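S.K.: Got a structure for you, questions after.
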Amino acid sequence: MDTIGPAGLRQGEGSPCNPQEGLPCPSDSSELVQECLRQFKVTGAQLQQIQASLLGSMEQALGGQTSPAPAVRMLPTYVGSTPHGTEQGDFVVLELGATGASLRILWVTLTGIEGHRIEPRSQEFVIPQEVMLGPGQQLFDFAARCLSEFLDALPVGNQGLKLGFNFSFPCHQTGLDRSTLISWTKGFRCSGVEGQDVVQLLREAIQRQGAYSIDVVAVVNDTVGTMMGCEPGVGPCEVGLIVDTGTNACYMEEARHVAVLDEDRGRVCISVEWGSFSDDGALGPVLTIFDCALDHESLNPGAQRFEKMIGGLYLGELVRLVLAHLAQCGVLFGGCASPALLSRGSILLEHVAEMEDPSVGAARVHTILQDLGLNPGASDAKLVQDVCAAVCTRAAQLCAAALAAVLSRLQHSREQQTLQIAVATGGRVFERHPRFLSILQETVMFLAPKCDVSFIPSLDGGGRGVAMVTAVAARLAAHQRLLEETLAPFRLSQEQLAAVQAQIREAMIKGLRGEASSLRMLPTYVRATPDGSERGDFLALDLGGTNFRVLLVRVAMGGVQITNQVYSIPECVAQGSGQQGILLNWTKGFNASDCEGQDVVCLLREAIGRRKGVELNVVAIVNDTVGTMMSCGYEDPHCEVGLIVGTGTNACYMEELQNVAGVAGDSGHMCINMEWGAFGDDGSLDVLSTCFDASVDQASINPGKQRFEKMISGMYLGEIVRHILLHLTSLGVLFRGQQTQCLQTRDIFKTKFLSEIESDSLALRQVRAILEDLGLPLTSDDALMVLEVCQAVSQRAAQLCGAGVAAVVEKIRENRGLEELTVSVGVDGTLYKLHPHFSSMVAATVRKLAPRCVVTFLQSEDGSGKGAALVTAVACRLAQMARV
């Protein structure tokens with residue numbers, strides 16, 4: 001459908017491609033000039049429409065929409081990180097397509113030292129026209145010959161070289177070193193290349209040359225190189241903008257928003273490929289008949305319409321078409337158009353930039369025009385400058401509208417009120433045009449007022465930037481190796497877990513017999529689980545963790561009703577004197593004196609006696625593990641195991657009475673408090689213990705004790721992570737190797753952070769916020785590595801816990817001579833309940849290690865309070881039955 005342009009001329013499909021056919025030549029020359037210039041004026045509303053249209057196309061492409069096809073391609077570049085400033089090494093760069101009909105090769109040395117740079121060595125090779133338009137193999141063989149010629153002049157020797165390939169054409173990348181050419185642009189049209197992997201074509205050409213051992217590590221377009229070549233400032237540069245022969249932009253997108261990646265963590269650099277943007281509704285009103293004529297005469301009519309309004313390859317041609325039209329209408333040059341003015345490509349970007357520059361004066365404009373065979377009159381210089389200004393101003397404004405779309409996308413995806421961002425700029429239009437950047441900045445401020453944008457010239461995106469991509473890839477690979485080496489001891493194999501299960505099983509048997517064992521296997525004198533007939537009112541006192549609770553529990557026909565009051569325990573009480581069976585030892589941060597070795601029931605009775613007027617009978621003492629089992633047992637008769645994974649960890653289960661040494665009777669059952677937190681105190685866990693576990697243990701209030709608990713429970717996991725992060729920082733893997741006071745602070749990294757960081761519902765941005773609140777200034781790479789550390793530590797904890805449960809349920813099954821056991825485990829504890837994956841990892845481990853046991857995990861509701869009351873109720877029921 002035809003559209004009407006701002007000058008009232010019919011444009012778009014079916015519009016004339018010859019300016020003389022589209023514009024009348026009125027007698028009033030000033031009117032004709034103004035008519036031409038008005039066509040290049042773009043209103044604020046039109047710019048906003050282009051911004052909105054481009055943003056919509058970006059989001060459609062990110063989401064994987066194919067019908068209708070989005071107006072831009074959002075191509076993942078597989079660059080997942082921006083530079084740290086610590087990158088170092090020697091790299092070769094081959095640059096093709098960034099500077100038109102030439103090929104550039106560079107030797108780039110990165111020092112990794114801030115402020116210290118070694119200038120790259122480079123050589124430029126002119127690509128013959130027949131190579132640009134000939135067979136693809138001829139082009140890549142030419143590149144390989146140039147590469148060998150360049151390296152011949154350097155003392156390379158036999159060393160293997162890492163090469164970054166700057167290939168500045170629209171490509172579909174499937175990896176950092178795999179890229180398929182979509183279409184040629186910028187005057188190239190080599191056959192047999194579109195649809196092919198250009199990295200493989202280059203590798204094959206290098207092999208045919210056979211001179212050097214070269215590994216093509218990364219393929220990068222000039223836009224990504226521009227972003228990566230920017231010096232790290234206060235924050236990383238995360239947008240790249242090129243306005244050179246062509247134009248494009250790239251930016252760091254959240255990976256979870258890129259449908260084709262199927263990745264939910266980290267970031268990836270996206271090449272917007274906005275040169276192909278061609279929404280008729282948005283661009284139609286700003287297309288001129290000169291744009292139409294230029295497109296018609298180009299090598300790729302109908303393609304790259306947006307680029308042809310902005311790119312440096314086309315600005316001179318647009319100016320030429322306007323000047324030729326005005327000359328033929330008699331307005332310029334006395335109505336005489338020279339053969340050069342009528343020849344395509346005779347006016348270049350350099351001419352336009354120089355003629356528009358007001359500082360050069362009319363004399364320089366006259367000289368340029370005379371070189372084109374023109375005879376400019378007195379007023380012609382000013383008119384030519386006006387035409388140049390109109391064409392270039394529109395280009396800068398359109399570029400700003402596209403950049404504003406990218407900035408809007410970033411602000412939305414990162415949910416920031418004000419986006420602070422650095423944009424790296426590169427290309428000859430920025431370098432040589434005096435006003436382009438200022439117009440761009442002014443227009444961006446208008447279109448994206450909530451974005452605080454810093455424009456930073458790239459230091460040589462095609463060279464240093466591409467080398468930086470290669471160096472960053474090498475750094476990430478090296479850091480990943482160090483991370484894997486660090487975390488390897490936490491990744492337990494099936495065989496290691498089965499060995500732990502067997503050790504726990506052996507320690508259980510020894511403990512039950514009364515032999516020396518790290519598992520005490522203490523009888524609790526709870527001989528039955530609830531059967532549902534229990535009735536009465538009971539008072540329960542719950543001491544554990546950081547709170548003390550008093551509960552009134554009513555067990556009636558309709559269920560269990562609880563009324564409770566919570567009291568906080570001051571540290572001075574927890575660490576003070578103990579006037580509070582026989583306490584064996586304190587855990588979980590308690591260290592009250594005069595209690596270990598004492599009967600705590602007697603201590604409680606004496607304390608009650610000191611409170612005059614209170615009459616209470618202490619019937620039973622119950623730890624939280626037994627209470628958890630009893631609480632769940634009231635709802636499920638199969639519940640015969642209790643498990644706590646919170647501040648500390650422990651387990652209990654119903655053992656055959658005949659297996660319990662020191663307790664009279666050969667029939668019935670006895671609940672055994674395993675006190676499994678102490679498993680491994682005899683050295684049996686040393687083979688699995690890491691240097692980080694040793695550091696946590698040595699700094700604890702009970703060194704050498706509760707070794708199993710210190711590898712599993714919530715009181716210690718955060719500390720293990722902190723020590724790992726300190727180690728990785730010292731290796732330079734995290735936080736750019738910069739030690740922070742925060743990480744030196746004991747217990748600063750809470751175990752709750754593991755639950756939050758590993759939560760599937762939290763985006764990586766929120767993970768970064770959690771860590772930044774701790775004073776850890778980190779990158780996306782750091783956040784991903786911290787996440788991996790947390791995952792490794794919590795997975796080991798869950799698997800060790802699962803190995804313990806597997807040992808318990810297998811013991812019950814064998815006790816009863818069953819082929820298959822159906823049993824439930826009552827569980828309590830903040831780590832088990834709040835961590836997003838802990839419970840599922842425990843269950844999965846139990847399934848693998850105890851395949852003949854069908855185990856159901858039940859989360860306890862107030863095990864320590866309700867469970868204590870139910871123990872008392874069962875004890876009262878059993879006592880009443882005995883009396884009867």
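Numbering starts fresh at 1 for the residues of each chain in the structure tokens, the chains themselves are lettered A, B, ... in the order given, and ligands are numbered from 1 as they appear.
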So that I can see what lies close to Pro489 (chain A), please list as a ChimeraX atom specification the residues with an atom at most 9 Å from it, counting only C-alpha atoms and leaving out residues fewer than 6 positions away in the same chain.

M.R.: /A:688-690

S.K.: Now that the selection is made, can you save its residues with N, CA, C and O atoms as a compact mmCIF listing (two decimals), in the first residue's frame?

M.R.:
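Saved as selection_38.txt:
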```
# COMPACT_ATOMS: atom_id res chain seq x y z
N LEU A 688 36.03 -37.84 53.31
CA LEU A 688 35.13 -36.93 52.59
C LEU A 688 35.29 -35.47 53.03
O LEU A 688 34.76 -34.57 52.39
N SER A 689 35.99 -35.26 54.12
CA SER A 689 36.12 -33.92 54.66
C SER A 689 37.08 -33.09 53.80
O SER A 689 38.12 -33.58 53.36
N THR A 690 36.72 -31.84 53.56
CA THR A 690 37.56 -30.94 52.76
C THR A 690 38.29 -29.96 53.67
O THR A 690 38.00 -29.86 54.88
```

S.K.: Using backbone DSSP assignments, extract all strand (DSSP E) residues from region 648-832 of chain A; output them as a PyMOL selection string.

M.R.: chain A and resi 649-656+669-673+821-828

S.K.: Can you tell me, as a VMD selection string, which residues in region 262-397 of chain A count as alpha helix (DSSP H) by DSSP?

M.R.: chain A and resid 280 to 283 289 to 297 312 to 328 349 to 356 361 to 371 380 to 397

S.K.: Keeping only C-alpha atoms, write those residues as a JSON list (two decimals), in the first residue's frame.

M.R.:
```
[["chain", "number", "residue", "atom", "x", "y", "z"],
["A", 280, "ASP", "CA", 6.40, -0.04, 6.64],
["A", 281, "GLY", "CA", 4.11, 1.45, 9.24],
["A", 282, "ALA", "CA", 7.00, 3.02, 11.15],
["A", 283, "LEU", "CA", 9.55, 3.66, 8.39],
["A", 289, "ILE", "CA", 12.24, 9.22, -2.88],
["A", 290, "PHE", "CA", 16.02, 9.44, -2.55],
["A", 291, "ASP", "CA", 16.01, 6.43, -0.19],
["A", 292, "CYS", "CA", 13.92, 4.59, -2.78],
["A", 293, "ALA", "CA", 16.33, 5.44, -5.58],
["A", 294, "LEU", "CA", 19.36, 4.42, -3.52],
["A", 295, "ASP", "CA", 17.74, 1.10, -2.60],
["A", 296, "HIS", "CA", 16.80, 0.39, -6.21],
["A", 297, "GLU", "CA", 20.40, 0.90, -7.38],
["A", 312, "GLY", "CA", 28.26, 5.44, 6.27],
["A", 313, "LEU", "CA", 28.27, 3.47, 3.01],
["A", 314, "TYR", "CA", 25.02, 5.22, 2.04],
["A", 315, "LEU", "CA", 25.07, 8.75, 3.50],
["A", 316, "GLY", "CA", 27.30, 10.11, 0.72],
["A", 317, "GLU", "CA", 25.09, 8.46, -1.90],
["A", 318, "LEU", "CA", 21.94, 10.04, -0.44],
["A", 319, "VAL", "CA", 23.64, 13.45, -0.52],
["A", 320, "ARG", "CA", 24.74, 12.81, -4.12],
["A", 321, "LEU", "CA", 21.18, 11.96, -5.22],
["A", 322, "VAL", "CA", 19.79, 15.14, -3.64],
["A", 323, "LEU", "CA", 22.53, 17.36, -5.12],
["A", 324, "ALA", "CA", 22.12, 15.77, -8.56],
["A", 325, "HIS", "CA", 18.38, 16.37, -8.44],
["A", 326, "LEU", "CA", 18.81, 20.01, -7.41],
["A", 327, "ALA", "CA", 21.46, 20.55, -10.09],
["A", 328, "GLN", "CA", 19.25, 19.11, -12.81],
["A", 349, "LEU", "CA", 31.14, 9.76, 3.95],
["A", 350, "GLU", "CA", 34.38, 11.67, 4.33],
["A", 351, "HIS", "CA", 33.17, 14.30, 1.86],
["A", 352, "VAL", "CA", 29.84, 14.68, 3.65],
["A", 353, "ALA", "CA", 31.43, 14.98, 7.10],
["A", 354, "GLU", "CA", 33.96, 17.53, 5.90],
["A", 355, "MET", "CA", 31.46, 19.65, 3.97],
["A", 356, "GLU", "CA", 29.03, 19.74, 6.90],
["A", 361, "GLY", "CA", 34.52, 27.23, 5.75],
["A", 362, "ALA", "CA", 33.09, 27.65, 2.28],
["A", 363, "ALA", "CA", 36.51, 27.45, 0.62],
["A", 364, "ARG", "CA", 36.96, 23.76, 1.53],
["A", 365, "VAL", "CA", 33.41, 22.95, 0.33],
["A", 366, "HIS", "CA", 34.21, 24.64, -2.98],
["A", 367, "THR", "CA", 37.41, 22.57, -3.31],
["A", 368, "ILE", "CA", 35.55, 19.26, -2.76],
["A", 369, "LEU", "CA", 32.85, 20.21, -5.25],
["A", 370, "GLN", "CA", 35.39, 21.34, -7.83],
["A", 371, "ASP", "CA", 37.16, 17.96, -7.47],
["A", 380, "ASP", "CA", 25.92, 26.80, -3.47],
["A", 381, "ALA", "CA", 28.27, 26.00, -0.57],
["A", 382, "LYS", "CA", 25.65, 26.90, 2.05],
["A", 383, "LEU", "CA", 22.95, 24.86, 0.28],
["A", 384, "VAL", "CA", 25.26, 21.84, 0.02],
["A", 385, "GLN", "CA", 26.04, 22.11, 3.74],
["A", 386, "ASP", "CA", 22.30, 22.25, 4.50],
["A", 387, "VAL", "CA", 21.73, 19.06, 2.48],
["A", 388, "CYS", "CA", 24.59, 17.26, 4.24],
["A", 389, "ALA", "CA", 23.26, 18.38, 7.63],
["A", 390, "ALA", "CA", 19.70, 17.22, 6.84],
["A", 391, "VAL", "CA", 20.81, 13.74, 5.71],
["A", 392, "CYS", "CA", 23.17, 13.19, 8.65],
["A", 393, "THR", "CA", 20.80, 14.63, 11.27],
["A", 394, "ARG", "CA", 18.11, 12.19, 10.18],
["A", 395, "ALA", "CA", 20.61, 9.33, 10.33],
["A", 396, "ALA", "CA", 21.62, 10.22, 13.92],
["A", 397, "GLN", "CA", 17.98, 10.59, 15.00]]
```

S.K.: Skipping near chain neighbours, those fewer than 6 positions away, what residues fall within 10 Å of Ala101 (chain A) using only C-alpha atoms, listed as JSON, numbers by chain?

M.R.: {"A": [125, 126, 127, 128, 129, 131, 132, 186, 187, 188]}

S.K.: Keeping only N, CA and C atoms, write the selected residues to a file as a PDB file, in the first residue's frame.

M.R.:
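Written out: result11.pdb:
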```
ATOM      1  N   PHE A 125      44.850  -5.361   4.216  1.00  0.00           N
ATOM      2  CA  PHE A 125      44.974  -5.905   2.865  1.00  0.00           C
ATOM      3  C   PHE A 125      43.728  -5.519   2.068  1.00  0.00           C
ATOM      4  N   VAL A 126      43.905  -4.931   0.916  1.00  0.00           N
ATOM      5  CA  VAL A 126      42.781  -4.566   0.055  1.00  0.00           C
ATOM      6  C   VAL A 126      42.244  -5.827  -0.609  1.00  0.00           C
ATOM      7  N   ILE A 127      40.919  -6.009  -0.529  1.00  0.00           N
ATOM      8  CA  ILE A 127      40.289  -7.179  -1.153  1.00  0.00           C
ATOM      9  C   ILE A 127      39.904  -6.814  -2.578  1.00  0.00           C
ATOM     10  N   PRO A 128      40.425  -7.490  -3.584  1.00  0.00           N
ATOM     11  CA  PRO A 128      40.063  -7.178  -4.972  1.00  0.00           C
ATOM     12  C   PRO A 128      38.563  -7.349  -5.209  1.00  0.00           C
ATOM     13  N   GLN A 129      38.003  -6.545  -6.096  1.00  0.00           N
ATOM     14  CA  GLN A 129      36.578  -6.602  -6.402  1.00  0.00           C
ATOM     15  C   GLN A 129      36.166  -7.994  -6.861  1.00  0.00           C
ATOM     16  N   VAL A 131      37.352 -10.758  -5.914  1.00  0.00           N
ATOM     17  CA  VAL A 131      37.287 -11.655  -4.757  1.00  0.00           C
ATOM     18  C   VAL A 131      36.005 -11.405  -3.964  1.00  0.00           C
ATOM     19  N   MET A 132      35.606 -10.113  -3.815  1.00  0.00           N
ATOM     20  CA  MET A 132      34.373  -9.773  -3.094  1.00  0.00           C
ATOM     21  C   MET A 132      33.134 -10.349  -3.766  1.00  0.00           C
ATOM     22  N   LYS A 186      27.138  -4.855   2.595  1.00  0.00           N
ATOM     23  CA  LYS A 186      28.308  -3.985   2.445  1.00  0.00           C
ATOM     24  C   LYS A 186      29.071  -4.224   1.138  1.00  0.00           C
ATOM     25  N   GLY A 187      28.377  -4.651   0.092  1.00  0.00           N
ATOM     26  CA  GLY A 187      29.019  -4.796  -1.205  1.00  0.00           C
ATOM     27  C   GLY A 187      29.618  -6.161  -1.476  1.00  0.00           C
ATOM     28  N   PHE A 188      29.581  -7.099  -0.502  1.00  0.00           N
ATOM     29  CA  PHE A 188      30.074  -8.452  -0.718  1.00  0.00           C
ATOM     30  C   PHE A 188      28.958  -9.321  -1.306  1.00  0.00           C
TER      31      PHE A 188
END
```

S.K.: Excluding region 156-162 of chain A and any residue of its chain fewer than 3 positions from it, enumerate the residues within 7 Å of it, using only C-alpha atoms, and give them as a PyMOL selection string.

M.R.: chain A and resi 91-92+151+213-217

S.K.: Identify which of the residues A:Tyr525, A:Phe735, A:Phe753, A:Phe708 lies closest to Gly665 (chain A), counting only C-alpha atoms when measuring atom-to-atom distances.

M.R.: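 Checking each of A:Tyr525, A:Phe735, A:Phe753, A:Phe708 against Gly665 (chain A), counting only C-alpha atoms, the winner is A:Tyr525.
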
S.K.: Please provide as a list in words all residues within 9 Å of Leu62 (chain A), with the sequence filter that same-chain residues fewer than 3 positions apart are discarded (counting only C-alpha atoms).

M.R.: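 My reading of the contact set: Ser57, Met58, Glu59, Gln65, Arg73, Met74, Leu75, His257, Val258, Ala259 and Val260 of chain A.
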
S.K.: Of the candidates A:Gly662, A:Gly330, A:Gly646, A:Pro68, which shows the shortest atom-to-atom distance to Glu709 (chain A), using only C-alpha atoms?

M.R.: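 Residue with the minimum atom-to-atom distance to Glu709 (chain A): A:Gly646.
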
S.K.: Using only C-alpha atoms, which residue out of A:Gly627, A:Ser780, A:Val219, A:Glu515 lies closest to Val268 (chain A)?

M.R.: A:Ser780

S.K.: Need the shell around Val805 (chain A): protein/DNA/RNA residues with any atom at most 12 Å away, counting only C-alpha atoms. Skip same-chain ones fewer than 3 positions apart. Format as a ChimeraX atom specification?

M.R.: /A:497-498,500-502,504-505,640-645,649-653,674,676,798-802,808-812,823-827,842-850,853,855-857

S.K.: Please identify all polymer residues within 10 Å of Arg178 (chain A), counting only C-alpha atoms, omitting same-chain residues fewer than 6 positions from it, and present them as a PyMOL selection string.

M.R.: chain A and resi 77-78+171-172+196-200+216-219

S.K.: Selection from above, all heavy atoms, as a JSON list (two decimals), in the first residue's frame, can you write it?

M.R.:
```json
[["chain", "number", "residue", "atom", "x", "y", "z"],
["A", 77, "THR", "N", 25.04, -14.32, 20.39],
["A", 77, "THR", "CA", 26.44, -14.36, 19.94],
["A", 77, "THR", "C", 27.26, -15.35, 20.76],
["A", 77, "THR", "O", 28.43, -15.58, 20.45],
["A", 77, "THR", "CB", 27.09, -12.98, 20.09],
["A", 77, "THR", "OG1", 27.16, -12.65, 21.49],
["A", 77, "THR", "CG2", 26.28, -11.91, 19.36],
["A", 78, "TYR", "N", 26.66, -15.89, 21.84],
["A", 78, "TYR", "CA", 27.33, -16.83, 22.74],
["A", 78, "TYR", "C", 28.50, -16.19, 23.48],
["A", 78, "TYR", "O", 29.35, -16.88, 24.03],
["A", 78, "TYR", "CB", 27.75, -18.11, 22.00],
["A", 78, "TYR", "CG", 26.52, -18.85, 21.53],
["A", 78, "TYR", "CD1", 25.92, -18.55, 20.30],
["A", 78, "TYR", "CD2", 25.91, -19.79, 22.34],
["A", 78, "TYR", "CE1", 24.77, -19.18, 19.89],
["A", 78, "TYR", "CE2", 24.75, -20.44, 21.93],
["A", 78, "TYR", "CZ", 24.18, -20.13, 20.70],
["A", 78, "TYR", "OH", 23.02, -20.76, 20.32],
["A", 171, "CYS", "N", 24.73, -13.08, 10.75],
["A", 171, "CYS", "CA", 25.01, -14.51, 10.89],
["A", 171, "CYS", "C", 24.11, -15.12, 11.96],
["A", 171, "CYS", "O", 23.63, -14.44, 12.86],
["A", 171, "CYS", "CB", 26.47, -14.75, 11.30],
["A", 171, "CYS", "SG", 27.65, -14.48, 9.98],
["A", 172, "HIS", "N", 23.92, -16.42, 11.85],
["A", 172, "HIS", "CA", 23.20, -17.18, 12.88],
["A", 172, "HIS", "C", 24.23, -18.02, 13.62],
["A", 172, "HIS", "O", 24.78, -18.97, 13.08],
["A", 172, "HIS", "CB", 22.15, -18.09, 12.23],
["A", 172, "HIS", "CG", 21.48, -19.01, 13.21],
["A", 172, "HIS", "ND1", 20.75, -18.54, 14.28],
["A", 172, "HIS", "CD2", 21.44, -20.37, 13.29],
["A", 172, "HIS", "CE1", 20.29, -19.57, 14.97],
["A", 172, "HIS", "NE2", 20.69, -20.69, 14.39],
["A", 196, "GLN", "N", 26.40, -21.35, 5.15],
["A", 196, "GLN", "CA", 27.56, -22.15, 5.55],
["A", 196, "GLN", "C", 28.17, -21.59, 6.84],
["A", 196, "GLN", "O", 28.05, -20.41, 7.15],
["A", 196, "GLN", "CB", 28.62, -22.13, 4.44],
["A", 196, "GLN", "CG", 28.15, -22.71, 3.11],
["A", 196, "GLN", "CD", 27.80, -24.18, 3.22],
["A", 196, "GLN", "OE1", 28.59, -24.98, 3.73],
["A", 196, "GLN", "NE2", 26.62, -24.55, 2.74],
["A", 197, "ASP", "N", 28.88, -22.47, 7.57],
["A", 197, "ASP", "CA", 29.59, -22.06, 8.78],
["A", 197, "ASP", "C", 30.89, -21.37, 8.36],
["A", 197, "ASP", "O", 31.82, -22.01, 7.85],
["A", 197, "ASP", "CB", 29.90, -23.29, 9.64],
["A", 197, "ASP", "CG", 30.65, -22.94, 10.94],
["A", 197, "ASP", "OD1", 30.98, -21.75, 11.13],
["A", 197, "ASP", "OD2", 30.89, -23.85, 11.74],
["A", 198, "VAL", "N", 30.96, -20.07, 8.59],
["A", 198, "VAL", "CA", 32.12, -19.31, 8.11],
["A", 198, "VAL", "C", 33.39, -19.64, 8.89],
["A", 198, "VAL", "O", 34.50, -19.51, 8.37],
["A", 198, "VAL", "CB", 31.84, -17.79, 8.15],
["A", 198, "VAL", "CG1", 30.73, -17.43, 7.18],
["A", 198, "VAL", "CG2", 31.50, -17.32, 9.57],
["A", 199, "VAL", "N", 33.24, -20.08, 10.14],
["A", 199, "VAL", "CA", 34.42, -20.49, 10.91],
["A", 199, "VAL", "C", 35.04, -21.73, 10.29],
["A", 199, "VAL", "O", 36.27, -21.83, 10.14],
["A", 199, "VAL", "CB", 34.05, -20.75, 12.38],
["A", 199, "VAL", "CG1", 35.25, -21.30, 13.15],
["A", 199, "VAL", "CG2", 33.54, -19.47, 13.04],
["A", 200, "GLN", "N", 34.20, -22.69, 9.91],
["A", 200, "GLN", "CA", 34.71, -23.90, 9.29],
["A", 200, "GLN", "C", 35.38, -23.59, 7.95],
["A", 200, "GLN", "O", 36.43, -24.16, 7.61],
["A", 200, "GLN", "CB", 33.58, -24.91, 9.09],
["A", 200, "GLN", "CG", 34.03, -26.29, 8.62],
["A", 200, "GLN", "CD", 35.02, -26.94, 9.58],
["A", 200, "GLN", "OE1", 35.01, -26.70, 10.78],
["A", 200, "GLN", "NE2", 35.92, -27.74, 9.03],
["A", 216, "VAL", "N", 40.80, -21.26, 15.81],
["A", 216, "VAL", "CA", 39.79, -20.20, 15.73],
["A", 216, "VAL", "C", 38.86, -20.37, 16.93],
["A", 216, "VAL", "O", 38.02, -21.27, 16.96],
["A", 216, "VAL", "CB", 39.00, -20.27, 14.40],
["A", 216, "VAL", "CG1", 38.03, -19.09, 14.32],
["A", 216, "VAL", "CG2", 39.96, -20.26, 13.21],
["A", 217, "VAL", "N", 39.07, -19.53, 17.94],
["A", 217, "VAL", "CA", 38.37, -19.66, 19.22],
["A", 217, "VAL", "C", 36.97, -19.06, 19.16],
["A", 217, "VAL", "O", 36.01, -19.60, 19.72],
["A", 217, "VAL", "CB", 39.17, -18.99, 20.35],
["A", 217, "VAL", "CG1", 38.39, -18.98, 21.66],
["A", 217, "VAL", "CG2", 40.51, -19.69, 20.52],
["A", 218, "ALA", "N", 36.84, -17.91, 18.49],
["A", 218, "ALA", "CA", 35.56, -17.19, 18.53],
["A", 218, "ALA", "C", 35.33, -16.46, 17.22],
["A", 218, "ALA", "O", 36.28, -15.98, 16.59],
["A", 218, "ALA", "CB", 35.55, -16.19, 19.69],
["A", 219, "VAL", "N", 34.07, -16.41, 16.82],
["A", 219, "VAL", "CA", 33.68, -15.57, 15.69],
["A", 219, "VAL", "C", 32.84, -14.43, 16.27],
["A", 219, "VAL", "O", 31.91, -14.66, 17.04],
["A", 219, "VAL", "CB", 32.93, -16.36, 14.60],
["A", 219, "VAL", "CG1", 31.67, -17.01, 15.14],
["A", 219, "VAL", "CG2", 32.58, -15.46, 13.43]]
```
